[in-house]
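Student: The structure that follows is given in the form of structure tokens.
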Amino acid sequence: MTKVFQKTKLLTDEVMHYCPGCTHGIVHRLVAEAIDELGVQGKTVGVVPVGCAVFAYKYFNIDTQEAAHGRAPAVATGIKRVHPDNVVFTYQGDGDLASIGTAEIVQAAHRGEKITAIFVNNAIYGMTGGQMAPTTLVGQKTTTSPYGRDKDHCGSPIRMSEMLATIEGSAYIERVALNNNANIMKAKRAIKKAFETQIAKKGFSMIEVLSTCPTNWGKSPVEAMEWLEENMIPYYPLGVKKEV
Amino acid sequence: MAKKLMKGCEAIAEAAIRAGCKFFFGYPITPQNDIPEHMAARLPQIGGCFLQAESEVAAINMVYGAAGAGARVMTSSSSCGISLKMEGITFIAGAELPCVIVNMMRGGPGLGSIQASQGDYFQATKGGGHGDYHMIVLAPASVQEASDIMQRAFDLADIYRTPVMLLADGIIGQMMEPVEFHEQESKRELPEKLWATTGWTPDSCRKRAVVNSLYITNEELDTLNQRLQSRYREIQKNEVTVEEYNTENAEFILCAYGTIARICKSAITLLAGEGVKAGLIRPITLWPFPSDTVKKAAEQESVKALLTVEISSGQMLEDVRLAVNGRKETAFLGRPGSYLPSAEEIAQTVLRMRRMHS
């Protein structure tokens with residue numbers, strides 16, 4: 001019998017802790033496959049965040065560092081400056097990258113740091129139990145916005161990709177979504193392209209991945225995908241935001 | 001090599017480079033700017049990297065990344081900036097990474113002043129960040145000693161896989177003194193950094209590297225903490241360094257570190273002129289603290305009392321008191337932030353104590 005598909009060796013056999021229907025597993029696989037296909041396992045170092053992906057060092061079959069909350073781009077900077085030929089990426093959620101770590105991500109882009117950020121945006125804090133994130137949509141109910149996000153009280157959701165695209169040091173910025181197979185394939189291509197941008201030493205790259213959190217959204221995995229498509233994509237338009 | 005007149009900060013930076021430090025991440029703050037400035041000029045010349053971070057928070061996390069990637073790396077700051085680094089420092093301690101951090105202390109609390117202070121003793125020696133950890137804390141008292149100590153600072157960091165802090169009042173950083181750089185060949189055996197994230201494949205001759213301070217189960221965290229505590233005991237056993245000056249059969253023992261310890265030596269000369277024999281205990285490692293030296297000196301029959309002198313409201317004083325454990329009187333002289341007791345003031349204080357004991 002011919003084997004036509006197998007799990008990439010860039011993921012370990014560790015059982016993932018993610019909730020049923022969570023899209024982190026898909027993002028992990030896409031990142032791992034991209035590293036595998038580029039043949040850079042031996043040069044790649046991942047920096048994982050505080051948040052739902054806090055245990056990602058168990059799943060990626062590469063050298064990894066666990067960063068403090070929001071600090072992954074600074075940690076990645078330290079690694080990259082010591083080993084400029086390594087491929088260094090951060091894997092961060094929206095609380096990590098768009099809230100507590102805004103200084104670090106903006107300044108990493110500003111320096112044109114030759115790292116890749118994989119930014120998983122699911123519009124909520126997952127690990128801590130469903131609190132409001134900077135990316136939470138207006139009207140969206142969370143445990144800390146129980147009446148729905150009120151923009152007069154706490155502002156409108158932040159579009160990180162558009163913001164970082166304005167920065168001179170950014171070389172490749174794209175927003176993708178995981179709501180159907182076609183978009184998942186596009187996400188894979190985008191992630192690979194971001195790594196290629198880094199390997200070509202062009203500058204900073206980031207892929208924002210619109211993702212679901214069925215548990216904290218209070219939806220089934222299928223409903224969550226529909227909610228992403230109907231609510232998130234209109235506010236967070238997909239596509240390439242910057243390419244040099 | 002001939003002696004050269006240098007500022008303390010410059011000498012520290014140059015000595016760090018000679019000790020093999022090739023990476024520096026920092027953020028401007030007075031009175032330590034000559035360290036990053038020297039690094040910015042010198043590191044590119046030797047194939048190293050100086051990077052000005054966007055904040056002290058980012059700088060210490062860059063240190064974390066670089067240390068985790070196996071580099072000899074350093075950062076420096078001053079008081080307020082060190083407070084910002086504390087999150088990163090406890091993560092570095094938890095992830096068992098080696099690095100050197102220089103704190104040129106200025107006045108506090110808050111924004112304080114830019115004058116010299118020793119107000120960060122508690123922060124440096126008792127943890128500073130959250131969790132049960134220690135840093136090795138080295139306290140030089142001259143530009144020469146500050147430069148000599150850098151090789152040791154990096155070696156200790158590597159041997160014990162721990163952050164090492166050089167803690168100095170701003171005077172040490174800002175004053176100029178003659179300094180001679182000795183051949184700094186490391187005499188100690190340094191462990192190989194097989195844990196560093198340099199890139200791995202299943203064919204590598206080491207395990208996959210994970211630099212991490214997260215130990216989610218009780219058992220895992222307990223294992224880490226037991227390992228750290230046993231390492232700290234080893235450090236306490238092996239690495240205490242202290243200067244004893246004139247303490248044998250002394251009537252009074254002064255305890256001081258850094259710049260004020262030198263002023264204490266002048267006070268001891270003044271007291272000798274008055275027929276009073278006083279000595280000095282000057283801890284060079286503040287953690288581990290030379291408790292045994294203090295205890296033994298205090299136990300001498302000749303000793304009437306100890307006087308701790310600091311540019312603070314009395315922080316090291318607590319460690320002196322723990323070591324003396326009530327056996328003798330333990331007095332204090334000092335003022336927080338900026339004011340340094342003079343040699344005359346110290347001598348007068350000892351003379352007053354003597355009258356009370358006679």
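FYI, nothing fancy with the structure tokens labels: chains A, B, ... in order, residues from 1 per chain, ligands from 1 as they appear.
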Can you check which residues of chain A have any atom within 8 Å of chain B? Use only C-alpha atoms and format it as a ChimeraX atom specification.
Tutor: /A:41-45,57,61-68,71,74-83,86,103-104,107
Student: Just C-alpha atoms for this one: save the residues we selected as a PDB file, in the first residue's frame.
Tutor:
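Output below, filename part-v8.pdb:
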```pdb
ATOM      1  CA  GLN A  41      14.478  22.041  10.933  1.00  0.00           C
ATOM      2  CA  GLY A  42      18.120  22.077  12.065  1.00  0.00           C
ATOM      3  CA  LYS A  43      18.269  25.882  11.884  1.00  0.00           C
ATOM      4  CA  THR A  44      14.876  26.776  13.299  1.00  0.00           C
ATOM      5  CA  VAL A  45      14.208  28.052  16.812  1.00  0.00           C
ATOM      6  CA  TYR A  57       7.383  23.684  23.012  1.00  0.00           C
ATOM      7  CA  ASN A  61       9.964  19.100  17.114  1.00  0.00           C
ATOM      8  CA  ILE A  62      12.597  21.849  17.110  1.00  0.00           C
ATOM      9  CA  ASP A  63      14.613  23.845  19.650  1.00  0.00           C
ATOM     10  CA  THR A  64      12.275  26.225  21.464  1.00  0.00           C
ATOM     11  CA  GLN A  65      12.261  28.941  24.088  1.00  0.00           C
ATOM     12  CA  GLU A  66       9.305  29.825  26.285  1.00  0.00           C
ATOM     13  CA  ALA A  67       8.933  33.597  26.628  1.00  0.00           C
ATOM     14  CA  ALA A  68       7.282  35.737  29.283  1.00  0.00           C
ATOM     15  CA  ARG A  71       7.971  39.265  25.204  1.00  0.00           C
ATOM     16  CA  ALA A  74      12.342  40.439  22.232  1.00  0.00           C
ATOM     17  CA  VAL A  75      13.420  36.866  23.051  1.00  0.00           C
ATOM     18  CA  ALA A  76      13.437  36.044  19.319  1.00  0.00           C
ATOM     19  CA  THR A  77      15.571  39.152  18.730  1.00  0.00           C
ATOM     20  CA  GLY A  78      18.157  37.901  21.242  1.00  0.00           C
ATOM     21  CA  ILE A  79      18.310  34.497  19.542  1.00  0.00           C
ATOM     22  CA  LYS A  80      18.475  35.924  16.030  1.00  0.00           C
ATOM     23  CA  ARG A  81      21.256  38.389  16.894  1.00  0.00           C
ATOM     24  CA  VAL A  82      23.364  35.535  18.311  1.00  0.00           C
ATOM     25  CA  HIS A  83      22.665  33.189  15.374  1.00  0.00           C
ATOM     26  CA  ASN A  86      18.891  30.585  12.289  1.00  0.00           C
ATOM     27  CA  ALA A 103       5.748  47.374  22.350  1.00  0.00           C
ATOM     28  CA  GLU A 104       7.827  44.302  21.565  1.00  0.00           C
ATOM     29  CA  GLN A 107       9.652  47.557  17.803  1.00  0.00           C
TER      30      GLN A 107
END
```
Student: Residues within 12 Å of Ala13 (chain B), please, as a PyMOL selection string. Count only C-alpha atoms; anything in the same chain fewer than 2 positions from it doesn't count.
Tutor: chain B and resi 6-11+15-24+32-43+50+73-76+100-102+143+146-151+166+173+181
Student: So the first atom is CA of Gln92 (chain A) and the second is CA of Leu224 (chain B); what is the distance between them in Å, to one decimal place?
Tutor: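 Interatomic distance here is 25.9 Å.
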Student: Pick out each residue of region 17-223 of chain A that DSSP on the backbone tags as strand (DSSP E); I need them as a ChimeraX atom specification.
Tutor: /A:44-48,63-66,87-93,116-121,170-177,204-210
Student: Between B:Ser358, B:Ser338, B:Gln300, B:Thr223, which is the closest to Ile171 (chain B) once you count only C-alpha atoms?
Tutor: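 Smallest separation from Ile171 (chain B) among the options: B:Ser338.
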Student: Fewer than 4 positions away in the same chain doesn't count, so skip those; otherwise give me all residues within 10 Å of Glu14 (chain A), counting only C-alpha atoms, as a list of chain:residue names.
Tutor: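 So, after excluding close chain neighbours, the residues are A:Lys58, A:Tyr59, A:Phe60, A:Asn61.
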Student: Please, could you write that set of residues out with C-alpha atoms as a compact mmCIF listing (two decimals), in the first residue's frame?
Tutor:
```
# COMPACT_ATOMS: atom_id res chain seq x y z
CA LYS A 58 6.10 20.15 23.58
CA TYR A 59 4.60 19.92 20.10
CA PHE A 60 7.11 21.51 17.73
CA ASN A 61 9.96 19.10 17.11
```
Student: Provide the CA of Arg188 (chain B) to CA of Gln229 (chain B) distance in Å, to one decimal place.
Tutor: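 CA of Gln229 (chain B) lies 22.3 Å from CA of Arg188 (chain B).
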Student: In Å, how far is it from CA of Ile46 (chain B) to CA of Leu138 (chain B)?
Tutor: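 Separation of CA of Ile46 (chain B) and CA of Leu138 (chain B): 26.5 Å.
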Student: Where does DSSP see alpha helix (DSSP H) in region 45-225 of chain A, if you list the residues as an MDAnalysis selection string?
Tutor: chainID A and resid 56:59 72:82 94:95 102:110 151:154 160:165 181:199 214:217 221:225
Student: Kindly indicate which residue among B:Pro31, B:Pro163, B:Gly170, B:Pro341 lies nearest to Ser117 (chain B), using only C-alpha atoms for the distances.
Tutor: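 Nearest to Ser117 (chain B): B:Gly170.
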Student: Could you give me, as CSV, a per-residue list for region 101-189 of chain A showing, wherever an atom lies at most 8 Å from an atom of region 230-241 of chain A, the closest pair of atoms and their distance in Å to one decimal, using only C-alpha atoms and sorting by chain then residue number from low to high?
Tutor:
```
residue,atom,partner,partner_atom,distance
A:Leu137,CA,A:Met232,CA,7.6
A:Arg159,CA,A:Tyr236,CA,6.9
A:Ser161,CA,A:Lys241,CA,6.8
A:Glu162,CA,A:Lys241,CA,6.3
A:Ala165,CA,A:Lys241,CA,5.9
A:Tyr172,CA,A:Lys241,CA,7.6
A:Ile173,CA,A:Lys241,CA,5.3
A:Glu174,CA,A:Val240,CA,4.1
A:Arg175,CA,A:Leu238,CA,4.9
A:Val176,CA,A:Leu238,CA,5.4
A:Ala177,CA,A:Leu238,CA,7.2
```
Student: I'd like the contact shell of Thr166 (chain A) - 10 Å cut-off, only C-alpha atoms, skipping same-chain residues fewer than 2 positions apart - returned as a JSON list (two decimals) with N, CA and C atoms, in the first residue's frame.
Tutor:
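This is the output file around25.json:
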```json
[["chain", "number", "residue", "atom", "x", "y", "z"],
["A", 109, "ALA", "N", 9.26, 44.91, 14.48],
["A", 109, "ALA", "CA", 8.97, 45.29, 13.09],
["A", 109, "ALA", "C", 9.76, 46.54, 12.71],
["A", 110, "HIS", "N", 9.79, 47.48, 13.64],
["A", 110, "HIS", "CA", 10.48, 48.75, 13.41],
["A", 110, "HIS", "C", 11.97, 48.55, 13.13],
["A", 161, "SER", "N", -2.33, 43.74, 11.72],
["A", 161, "SER", "CA", -1.65, 43.57, 10.42],
["A", 161, "SER", "C", -1.57, 44.90, 9.68],
["A", 162, "GLU", "N", -2.70, 45.64, 9.66],
["A", 162, "GLU", "CA", -2.72, 46.93, 8.97],
["A", 162, "GLU", "C", -1.73, 47.90, 9.64],
["A", 163, "MET", "N", -1.71, 47.85, 10.99],
["A", 163, "MET", "CA", -0.82, 48.75, 11.72],
["A", 163, "MET", "C", 0.65, 48.43, 11.42],
["A", 164, "LEU", "N", 1.00, 47.16, 11.49],
["A", 164, "LEU", "CA", 2.40, 46.78, 11.27],
["A", 164, "LEU", "C", 2.82, 46.96, 9.81],
["A", 168, "GLU", "N", 8.15, 50.66, 8.22],
["A", 168, "GLU", "CA", 9.16, 50.50, 7.18],
["A", 168, "GLU", "C", 9.87, 49.12, 7.24],
["A", 169, "GLY", "N", 10.12, 48.64, 8.44],
["A", 169, "GLY", "CA", 10.89, 47.39, 8.59],
["A", 169, "GLY", "C", 10.11, 46.13, 8.27],
["A", 170, "SER", "N", 8.79, 46.24, 8.12],
["A", 170, "SER", "CA", 7.98, 45.06, 7.80],
["A", 170, "SER", "C", 8.18, 44.68, 6.34],
["A", 241, "LYS", "N", -0.96, 42.51, 3.28],
["A", 241, "LYS", "CA", -1.00, 43.92, 3.70],
["A", 241, "LYS", "C", 0.30, 44.63, 3.36],
["A", 242, "LYS", "N", 1.37, 43.85, 3.24],
["A", 242, "LYS", "CA", 2.67, 44.46, 2.92],
["A", 242, "LYS", "C", 3.55, 43.39, 2.29]]
```
